Structures are given as C-alpha cells and as structure tokens.
Amino acid sequence: MDPPKDRNDRRKRKATAGGNAASSTSGPSVTLPLKVGTLLKCRWKDGTLHPAEIIERRQTPSGDPHGYEYYVHYTEFDRRLDQWVNLEQLDLNSKDTDVYAEAQKMMTRHQKRKMKASKEGYERFDAASLQEHQALTKVKNIEKIVLGRYEIETWYFSPLPSEYKNSKKLYFCEFCLNILETKEQLQRHMRKCDLKYPPGDEIYRSGVLSLFEVDGRKNKGYTTNLCILAKFFLDHKAIPCEVASFLFYILCECDDRGCHMVAYFSKEKYSEDSYNLSCILTLPPYQQKGYGKFLIAFSYELSKREGVVGTPEKPLSDLGWRSYQSYWTRVLLNAIKEHKNDISFKKLSKMTAIRPFDVFNTLRTLKLVQYKKGGRPVICRDPKILDHHLKAAGSGGLEVDASKLIWTPYVDDLSE
C-alpha cells in the first residue's frame, strides 16, 4: 500500500493533468483545467465554501504545463474580494451549481444593497463599451502597493504604463507619488526626493491635519499618479483624461517627518452642473476615522466661499449616497432648528450651499415635506421629529473650522 504522502501526491497529479477528468466518489467527473465561466463553490480564507465564478485562469509559476491557478469572483461579495486560488480550494463536486441563485439565498439584506450598489456607476457606458471595460478590468493587475509605512492590498484594477505590466507590487513615494518597482529603488529615490508634503498650497491646518490644494495643470505627474493610486480602491470611477481641468484637495496627517496623505477629493475647476466634488477616497489604513465626512463638509465650505450651491458628481456609490444623506440630514435639520421662523427651501439651500434639489429630496425622504392648501410644500419643524432624525444620522465626526481655511476661489491664470 502506498504511504499517505505518495497517495496524496498521485491524486494531485491526476487532478491537475490537462484535459484529464478528475472524479470523486460523491461527485461527477470534471475535466481539467477548468474553463473560464465555470460556476462552483470556492473555499474562503476561513475555510467556508462560497458560490463563485471562474473569470480567468493561468498556469502556475512552477512551469508545470498542467498546473493552473484560477481567478474567482465570489458572487455574493464585491469585486474587491476577487482572488487567485489553487485547485485545492475549489469544490469540484459543486461544479455547475447555480451560484448566483445560491448567493441570493445566502446574502443578508445589507449585502444585497451593497451588491446592487456595486453594479451602479456604469450608466455612462453603452453595451459594447461596458463589455470592453469589464474585460479589461476583471483581474487585478497589482496585488499590493506600499505607501509610507503601510503595505496595502489593492481592491481593483488600475490602468498603468506598460513598463509595470510584469509587476505584482508597486512602491509609491508618499510625498511626490513617484511609482517604483522595488524597495531598493524607493530607498534610493527617498534619499533624493526633497518633498515633505504635497506639491500645492496649504489652505487649511488644524492640529495635526493639513489640507493642500494641488492644481492638476501645474502638477500633472503628481495628480496622474494620484488617480492611478486611487483607482486601485475605486471600482467605478474613471481616471480623468485630462487632470489639468481638476483641482485636488489632499488631506494629510503631519508629524516631524512630513505631511502624510490620508485622503483626498477632486473637483472640476469649472462645472456646468454645480459639482463641488468629483472623486473622493480615504486610503484603507485611515478609514473609520471620519476623514470622508470631513472632506464632504470641506467641499461645501469651499462652495460657501465661492458663493454658489454645490452637489457631488453622480452617480454615487451606495456608501457615498449614505454618507451624503447623513451629511445633508445633519446640516439641514440643524439649520432648521436654529432658524426661529419658517424657512423656505431656497433660503435653506443658500444658507447651507446644498443644491435645492438635494435639500428638497432629503427632506422629502425624511417625510419632513408637508403640503398646504393649493399644493404649496412647506418644511415640518416639529422639534421631536427633527431630533429623532438627527439621532439616526449619527455624529458628524471631525468638524471643519472655517476660521482656519485660507483660500480664494480658483481663477484661471491665462499667463500660464
């Protein structure tokens, strides 16, 4: 009788033989390697099986002509959890299971909302363009990035120059955002890089936080690399074709070594649709600190300085929508409470710099819009109802101290 180790090795060779059929005493015969599009269950990191679809395959680095790894999408989860797995993680007995129907049964209501949101954001694509986009971005091209003292697993595909096509990990200079392929290259670069903060104007400082305005036209290399970096963590946002038409607001935590980027948002210099925020990201190591809420509030503070009303660029992700709903609820209801008399939608919009449509829609969602005779809408000011909604909206987190904002609205310098 074969020793246990020899028997296991022999089974493994049989299961990975190209074009051969792998079988089980309890399941059907399966031809290997598995094809792209195969539906089956895959073992997650904690050992549990989850419905999945194979969306790509590759031969193993060992060079074995019959050995394959498979890139799987877990049908009940966001694309950011897609990963490469080996054959041993796949449950061959579950092949051809209707994993999408099974995922629906397993998902909670919250997961279903997130899944619906993950499919939003593609409205700008026609059918052919959408298919091309999904084919291009279906597999993450970089597994990890290094930024400052953090090594971060990427979530999504990001378009990169061809020189990085064989890289699995990239190193970013945390100050100038130069992209390098090895730790040694980064160390040599850091000895020469004289930047200790983003290449723009510091427009806000409070405690350890500083915020810098960076002009995409004046700092094209930095802002292009920032967009590449952000795309690793944003699925639906496209990298701007021309960064020169955008301003970037970089939030940093500062210490004696410099100012370290933690989050940012961008906005168009001139927007016909009154957009005051185009793209927003808090880097994964700094999430759950309230920086996203802070930047949303900051974008409206800039709108107030400009003397205009603003709104975020649409469509919003599910998380983005909930963040804005929470912000709008807090700001609008506090403004209503502080105003002693009845207040109109138009005046409320002017006070808060929130676009009238967002004002009306938020209050209507909260059932705070009442209609008088003749159909004229008015705002409900019942203190108990307002307090109830304010409690549900949660804390606003970090506050923007407007007195510490030193900024004037952008004016195009035609001499440049």
# chains A, B, ... in the order shown; residues from 1 in each chain; ligands from 1
>>> residues_around(residues="Asp255 (chain A)", least_positions_apart="5", cutoff="12 Å", atoms="only C-alpha atoms", output="ChimeraX atom specification")
/A:196-197,207-210,260-261
>>> residues_around(residues="region 289-299 of chain A", least_positions_apart="3", cutoff="9 Å", atoms="only C-alpha atoms", output="PyMOL selection string")
chain A and resi 249+251+262-265+267+276-277+280-282+286+302-304+310+312+323-324+327+396-400+402
>>> select_by_dssp(residues="region 315-401 of chain A", states="strand (DSSP E)", output="PyMOL selection string")
chain A and resi 369-371+377-379
>>> residues_around(residues="Leu81 (chain A)", least_positions_apart="5", cutoff="12 Å", atoms="only C-alpha atoms", output="JSON, numbers by chain")
{"A": [44, 45, 50, 52, 71, 72, 73, 74, 75, 76, 138, 139, 140, 143, 153, 154, 155, 156, 233]}
>>> closest_residue(among="A:Ala393, A:Val411, A:Ile55, A:Ile343", to="Pro377 (chain A)", atoms="only C-alpha atoms")
A:Ile343
>>> residues_around(residues="Glu53 (chain A)", least_positions_apart="4", cutoff="12 Å", atoms="only C-alpha atoms", output="VMD selection string")
chain A and resid 34 to 42 57 70 to 77 79 82 to 85 90 to 91 94 to 100 103 138
>>> atom_distance(atom1="CA of Arg322 (chain A)", atom2="CA of Lys347 (chain A)")
24.2 Å
>>> atom_distance(atom1="CA of Tyr164 (chain A)", atom2="CA of Glu181 (chain A)")
7.6 Å
>>> residues_around(residues="Asp273 (chain A)", least_positions_apart="5", cutoff="12 Å", atoms="only C-alpha atoms", output="PDB file with N, CA, C and O atoms, in the first residue's frame")
ATOM      1  N   LYS A 267     -12.188  68.003  -7.692  1.00  0.00           N
ATOM      2  CA  LYS A 267     -13.360  68.659  -8.286  1.00  0.00           C
ATOM      3  C   LYS A 267     -12.926  69.406  -9.533  1.00  0.00           C
ATOM      4  O   LYS A 267     -11.771  69.809  -9.679  1.00  0.00           O
ATOM      5  N   GLU A 268     -13.878  69.557 -10.450  1.00  0.00           N
ATOM      6  CA  GLU A 268     -13.605  70.295 -11.669  1.00  0.00           C
ATOM      7  C   GLU A 268     -13.408  71.776 -11.351  1.00  0.00           C
ATOM      8  O   GLU A 268     -14.076  72.329 -10.471  1.00  0.00           O
ATOM      9  N   SER A 278     -15.827  65.602  -7.297  1.00  0.00           N
ATOM     10  CA  SER A 278     -15.853  64.627  -8.385  1.00  0.00           C
ATOM     11  C   SER A 278     -15.515  63.226  -7.894  1.00  0.00           C
ATOM     12  O   SER A 278     -16.212  62.264  -8.170  1.00  0.00           O
ATOM     13  N   VAL A 308     -21.703  79.841  -4.145  1.00  0.00           N
ATOM     14  CA  VAL A 308     -22.539  79.011  -5.012  1.00  0.00           C
ATOM     15  C   VAL A 308     -23.076  77.829  -4.207  1.00  0.00           C
ATOM     16  O   VAL A 308     -22.600  77.536  -3.111  1.00  0.00           O
ATOM     17  N   VAL A 309     -24.082  77.162  -4.777  1.00  0.00           N
ATOM     18  CA  VAL A 309     -24.542  75.903  -4.188  1.00  0.00           C
ATOM     19  C   VAL A 309     -23.856  74.765  -4.935  1.00  0.00           C
ATOM     20  O   VAL A 309     -23.488  74.909  -6.108  1.00  0.00           O
ATOM     21  N   GLY A 310     -23.674  73.637  -4.246  1.00  0.00           N
ATOM     22  CA  GLY A 310     -22.942  72.529  -4.853  1.00  0.00           C
ATOM     23  C   GLY A 310     -23.621  71.193  -4.640  1.00  0.00           C
ATOM     24  O   GLY A 310     -24.540  71.050  -3.819  1.00  0.00           O
ATOM     25  N   THR A 311     -23.131  70.209  -5.385  1.00  0.00           N
ATOM     26  CA  THR A 311     -23.628  68.832  -5.279  1.00  0.00           C
ATOM     27  C   THR A 311     -22.520  67.911  -5.752  1.00  0.00           C
ATOM     28  O   THR A 311     -21.689  68.314  -6.586  1.00  0.00           O
ATOM     29  N   PRO A 312     -22.464  66.672  -5.261  1.00  0.00           N
ATOM     30  CA  PRO A 312     -21.425  65.748  -5.732  1.00  0.00           C
ATOM     31  C   PRO A 312     -21.739  65.223  -7.121  1.00  0.00           C
ATOM     32  O   PRO A 312     -22.904  65.139  -7.526  1.00  0.00           O
ATOM     33  N   GLU A 313     -20.694  64.870  -7.847  1.00  0.00           N
ATOM     34  CA  GLU A 313     -20.870  64.284  -9.176  1.00  0.00           C
ATOM     35  C   GLU A 313     -21.594  62.947  -9.052  1.00  0.00           C
ATOM     36  O   GLU A 313     -21.321  62.161  -8.148  1.00  0.00           O
ATOM     37  N   LYS A 314     -22.533  62.712  -9.936  1.00  0.00           N
ATOM     38  CA  LYS A 314     -23.307  61.481  -9.936  1.00  0.00           C
ATOM     39  C   LYS A 314     -22.776  60.532 -11.019  1.00  0.00           C
ATOM     40  O   LYS A 314     -22.166  60.975 -11.974  1.00  0.00           O
ATOM     41  N   ARG A 355     -27.415  72.147  -2.945  1.00  0.00           N
ATOM     42  CA  ARG A 355     -28.268  72.398  -4.098  1.00  0.00           C
ATOM     43  C   ARG A 355     -29.749  72.211  -3.740  1.00  0.00           C
ATOM     44  O   ARG A 355     -30.097  71.276  -3.001  1.00  0.00           O
TER      45      ARG A 355
END
>>> atom_distance(atom1="CA of Gly47 (chain A)", atom2="CA of Asn93 (chain A)")
16.3 Å
>>> decode(residues="region 150-165 of chain A", atoms="all heavy atoms", output="mmCIF file, in the first residue's frame")
data_model
loop_
_atom_site.group_PDB
_atom_site.id
_atom_site.type_symbol
_atom_site.label_atom_id
_atom_site.label_comp_id
_atom_site.auth_asym_id
_atom_site.auth_seq_id
_atom_site.Cartn_x
_atom_site.Cartn_y
_atom_site.Cartn_z
ATOM 1 N N TYR A 150 2.867 51.771 5.202
ATOM 2 C CA TYR A 150 1.832 50.755 5.013
ATOM 3 C C TYR A 150 2.030 49.970 3.716
ATOM 4 O O TYR A 150 2.331 50.549 2.668
ATOM 5 C CB TYR A 150 0.441 51.397 4.985
ATOM 6 C CG TYR A 150 0.013 51.950 6.319
ATOM 7 C CD1 TYR A 150 0.039 53.319 6.562
ATOM 8 C CD2 TYR A 150 -0.414 51.100 7.346
ATOM 9 C CE1 TYR A 150 -0.362 53.838 7.786
ATOM 10 C CE2 TYR A 150 -0.809 51.607 8.568
ATOM 11 C CZ TYR A 150 -0.788 52.972 8.787
ATOM 12 O OH TYR A 150 -1.177 53.484 10.002
ATOM 13 N N GLU A 151 1.841 48.657 3.820
ATOM 14 C CA GLU A 151 1.706 47.794 2.652
ATOM 15 C C GLU A 151 0.222 47.459 2.544
ATOM 16 O O GLU A 151 -0.361 46.909 3.472
ATOM 17 C CB GLU A 151 2.543 46.526 2.800
ATOM 18 C CG GLU A 151 2.454 45.602 1.598
ATOM 19 C CD GLU A 151 3.382 44.406 1.706
ATOM 20 O OE1 GLU A 151 4.599 44.586 1.468
ATOM 21 O OE2 GLU A 151 2.901 43.299 2.037
ATOM 22 N N ILE A 152 -0.395 47.795 1.420
ATOM 23 C CA ILE A 152 -1.856 47.745 1.291
ATOM 24 C C ILE A 152 -2.247 46.804 0.155
ATOM 25 O O ILE A 152 -1.735 46.935 -0.963
ATOM 26 C CB ILE A 152 -2.422 49.158 1.010
ATOM 27 C CG1 ILE A 152 -1.842 50.195 1.989
ATOM 28 C CG2 ILE A 152 -3.946 49.140 1.091
ATOM 29 C CD1 ILE A 152 -2.136 51.635 1.590
ATOM 30 N N GLU A 153 -3.150 45.882 0.423
ATOM 31 C CA GLU A 153 -3.693 45.032 -0.637
ATOM 32 C C GLU A 153 -4.633 45.858 -1.505
ATOM 33 O O GLU A 153 -5.495 46.568 -0.994
ATOM 34 C CB GLU A 153 -4.446 43.845 -0.040
ATOM 35 C CG GLU A 153 -3.544 42.803 0.601
ATOM 36 C CD GLU A 153 -4.307 41.551 0.985
ATOM 37 O OE1 GLU A 153 -5.487 41.424 0.596
ATOM 38 O OE2 GLU A 153 -3.726 40.697 1.684
ATOM 39 N N THR A 154 -4.470 45.761 -2.810
ATOM 40 C CA THR A 154 -5.335 46.518 -3.715
ATOM 41 C C THR A 154 -6.703 45.844 -3.803
ATOM 42 O O THR A 154 -6.860 44.665 -3.469
ATOM 43 C CB THR A 154 -4.724 46.606 -5.117
ATOM 44 O OG1 THR A 154 -4.540 45.289 -5.630
ATOM 45 C CG2 THR A 154 -3.383 47.322 -5.081
ATOM 46 N N TRP A 155 -7.684 46.603 -4.271
ATOM 47 C CA TRP A 155 -9.053 46.098 -4.403
ATOM 48 C C TRP A 155 -9.444 45.867 -5.857
ATOM 49 O O TRP A 155 -10.185 44.935 -6.155
ATOM 50 C CB TRP A 155 -10.039 47.089 -3.781
ATOM 51 C CG TRP A 155 -9.894 47.253 -2.305
ATOM 52 C CD1 TRP A 155 -9.057 46.557 -1.468
ATOM 53 C CD2 TRP A 155 -10.594 48.181 -1.466
ATOM 54 N NE1 TRP A 155 -9.195 46.995 -0.168
ATOM 55 C CE2 TRP A 155 -10.140 47.999 -0.148
ATOM 56 C CE3 TRP A 155 -11.558 49.155 -1.714
ATOM 57 C CZ2 TRP A 155 -10.625 48.743 0.925
ATOM 58 C CZ3 TRP A 155 -12.037 49.908 -0.650
ATOM 59 C CH2 TRP A 155 -11.577 49.693 0.656
ATOM 60 N N TYR A 156 -8.946 46.728 -6.766
ATOM 61 C CA TYR A 156 -9.417 46.683 -8.144
ATOM 62 C C TYR A 156 -8.259 46.899 -9.124
ATOM 63 O O TYR A 156 -7.136 47.222 -8.728
ATOM 64 C CB TYR A 156 -10.486 47.758 -8.389
ATOM 65 C CG TYR A 156 -11.644 47.711 -7.432
ATOM 66 C CD1 TYR A 156 -11.831 48.695 -6.468
ATOM 67 C CD2 TYR A 156 -12.558 46.654 -7.481
ATOM 68 C CE1 TYR A 156 -12.898 48.641 -5.585
ATOM 69 C CE2 TYR A 156 -13.628 46.593 -6.596
ATOM 70 C CZ TYR A 156 -13.791 47.589 -5.654
ATOM 71 O OH TYR A 156 -14.839 47.525 -4.771
ATOM 72 N N PHE A 157 -8.580 46.744 -10.384
ATOM 73 C CA PHE A 157 -7.641 47.021 -11.478
ATOM 74 C C PHE A 157 -7.409 48.529 -11.593
ATOM 75 O O PHE A 157 -8.326 49.324 -11.414
ATOM 76 C CB PHE A 157 -8.246 46.480 -12.782
ATOM 77 C CG PHE A 157 -7.487 46.855 -14.032
ATOM 78 C CD1 PHE A 157 -6.533 46.002 -14.556
ATOM 79 C CD2 PHE A 157 -7.748 48.057 -14.679
ATOM 80 C CE1 PHE A 157 -5.844 46.338 -15.726
ATOM 81 C CE2 PHE A 157 -7.066 48.411 -15.829
ATOM 82 C CZ PHE A 157 -6.111 47.540 -16.358
ATOM 83 N N SER A 158 -6.177 48.905 -11.932
ATOM 84 C CA SER A 158 -5.886 50.308 -12.221
ATOM 85 C C SER A 158 -5.005 50.372 -13.460
ATOM 86 O O SER A 158 -4.028 49.618 -13.564
ATOM 87 C CB SER A 158 -5.165 50.983 -11.046
ATOM 88 O OG SER A 158 -4.913 52.349 -11.331
ATOM 89 N N PRO A 159 -5.341 51.213 -14.434
ATOM 90 C CA PRO A 159 -4.525 51.305 -15.657
ATOM 91 C C PRO A 159 -3.137 51.859 -15.352
ATOM 92 O O PRO A 159 -3.000 52.878 -14.673
ATOM 93 C CB PRO A 159 -5.328 52.262 -16.546
ATOM 94 C CG PRO A 159 -6.167 53.054 -15.602
ATOM 95 C CD PRO A 159 -6.484 52.148 -14.450
ATOM 96 N N LEU A 160 -2.122 51.168 -15.831
ATOM 97 C CA LEU A 160 -0.733 51.549 -15.558
ATOM 98 C C LEU A 160 0.049 51.634 -16.858
ATOM 99 O O LEU A 160 -0.295 50.971 -17.847
ATOM 100 C CB LEU A 160 -0.073 50.503 -14.656
ATOM 101 C CG LEU A 160 -0.470 50.484 -13.190
ATOM 102 C CD1 LEU A 160 -0.050 49.164 -12.550
ATOM 103 C CD2 LEU A 160 0.162 51.653 -12.453
ATOM 104 N N PRO A 161 1.119 52.421 -16.885
ATOM 105 C CA PRO A 161 2.006 52.403 -18.049
ATOM 106 C C PRO A 161 2.540 50.986 -18.280
ATOM 107 O O PRO A 161 2.686 50.196 -17.349
ATOM 108 C CB PRO A 161 3.131 53.362 -17.635
ATOM 109 C CG PRO A 161 2.505 54.276 -16.624
ATOM 110 C CD PRO A 161 1.527 53.419 -15.877
ATOM 111 N N SER A 162 2.852 50.654 -19.523
ATOM 112 C CA SER A 162 3.259 49.293 -19.883
ATOM 113 C C SER A 162 4.518 48.837 -19.160
ATOM 114 O O SER A 162 4.753 47.636 -19.002
ATOM 115 C CB SER A 162 3.484 49.210 -21.401
ATOM 116 O OG SER A 162 4.471 50.147 -21.811
ATOM 117 N N GLU A 163 5.326 49.756 -18.689
ATOM 118 C CA GLU A 163 6.573 49.384 -18.011
ATOM 119 C C GLU A 163 6.330 48.616 -16.710
ATOM 120 O O GLU A 163 7.225 47.948 -16.186
ATOM 121 C CB GLU A 163 7.405 50.635 -17.714
ATOM 122 C CG GLU A 163 6.714 51.622 -16.775
ATOM 123 C CD GLU A 163 7.367 52.985 -16.785
ATOM 124 O OE1 GLU A 163 8.334 53.189 -16.020
ATOM 125 O OE2 GLU A 163 6.909 53.844 -17.571
ATOM 126 N N TYR A 164 5.101 48.689 -16.190
ATOM 127 C CA TYR A 164 4.799 47.999 -14.933
ATOM 128 C C TYR A 164 3.975 46.729 -15.139
ATOM 129 O O TYR A 164 3.458 46.160 -14.182
ATOM 130 C CB TYR A 164 4.033 48.937 -13.991
ATOM 131 C CG TYR A 164 4.752 50.228 -13.697
ATOM 132 C CD1 TYR A 164 4.277 51.440 -14.192
ATOM 133 C CD2 TYR A 164 5.919 50.243 -12.931
ATOM 134 C CE1 TYR A 164 4.939 52.630 -13.935
ATOM 135 C CE2 TYR A 164 6.591 51.430 -12.670
ATOM 136 C CZ TYR A 164 6.088 52.613 -13.175
ATOM 137 O OH TYR A 164 6.751 53.789 -12.913
ATOM 138 N N LYS A 165 3.848 46.259 -16.382
ATOM 139 C CA LYS A 165 2.926 45.154 -16.675
ATOM 140 C C LYS A 165 3.325 43.844 -16.008
ATOM 141 O O LYS A 165 2.481 42.967 -15.791
ATOM 142 C CB LYS A 165 2.801 44.968 -18.184
ATOM 143 C CG LYS A 165 4.079 44.514 -18.876
ATOM 144 C CD LYS A 165 3.848 44.360 -20.379
ATOM 145 C CE LYS A 165 5.129 43.897 -21.076
ATOM 146 N NZ LYS A 165 4.926 43.754 -22.537
#
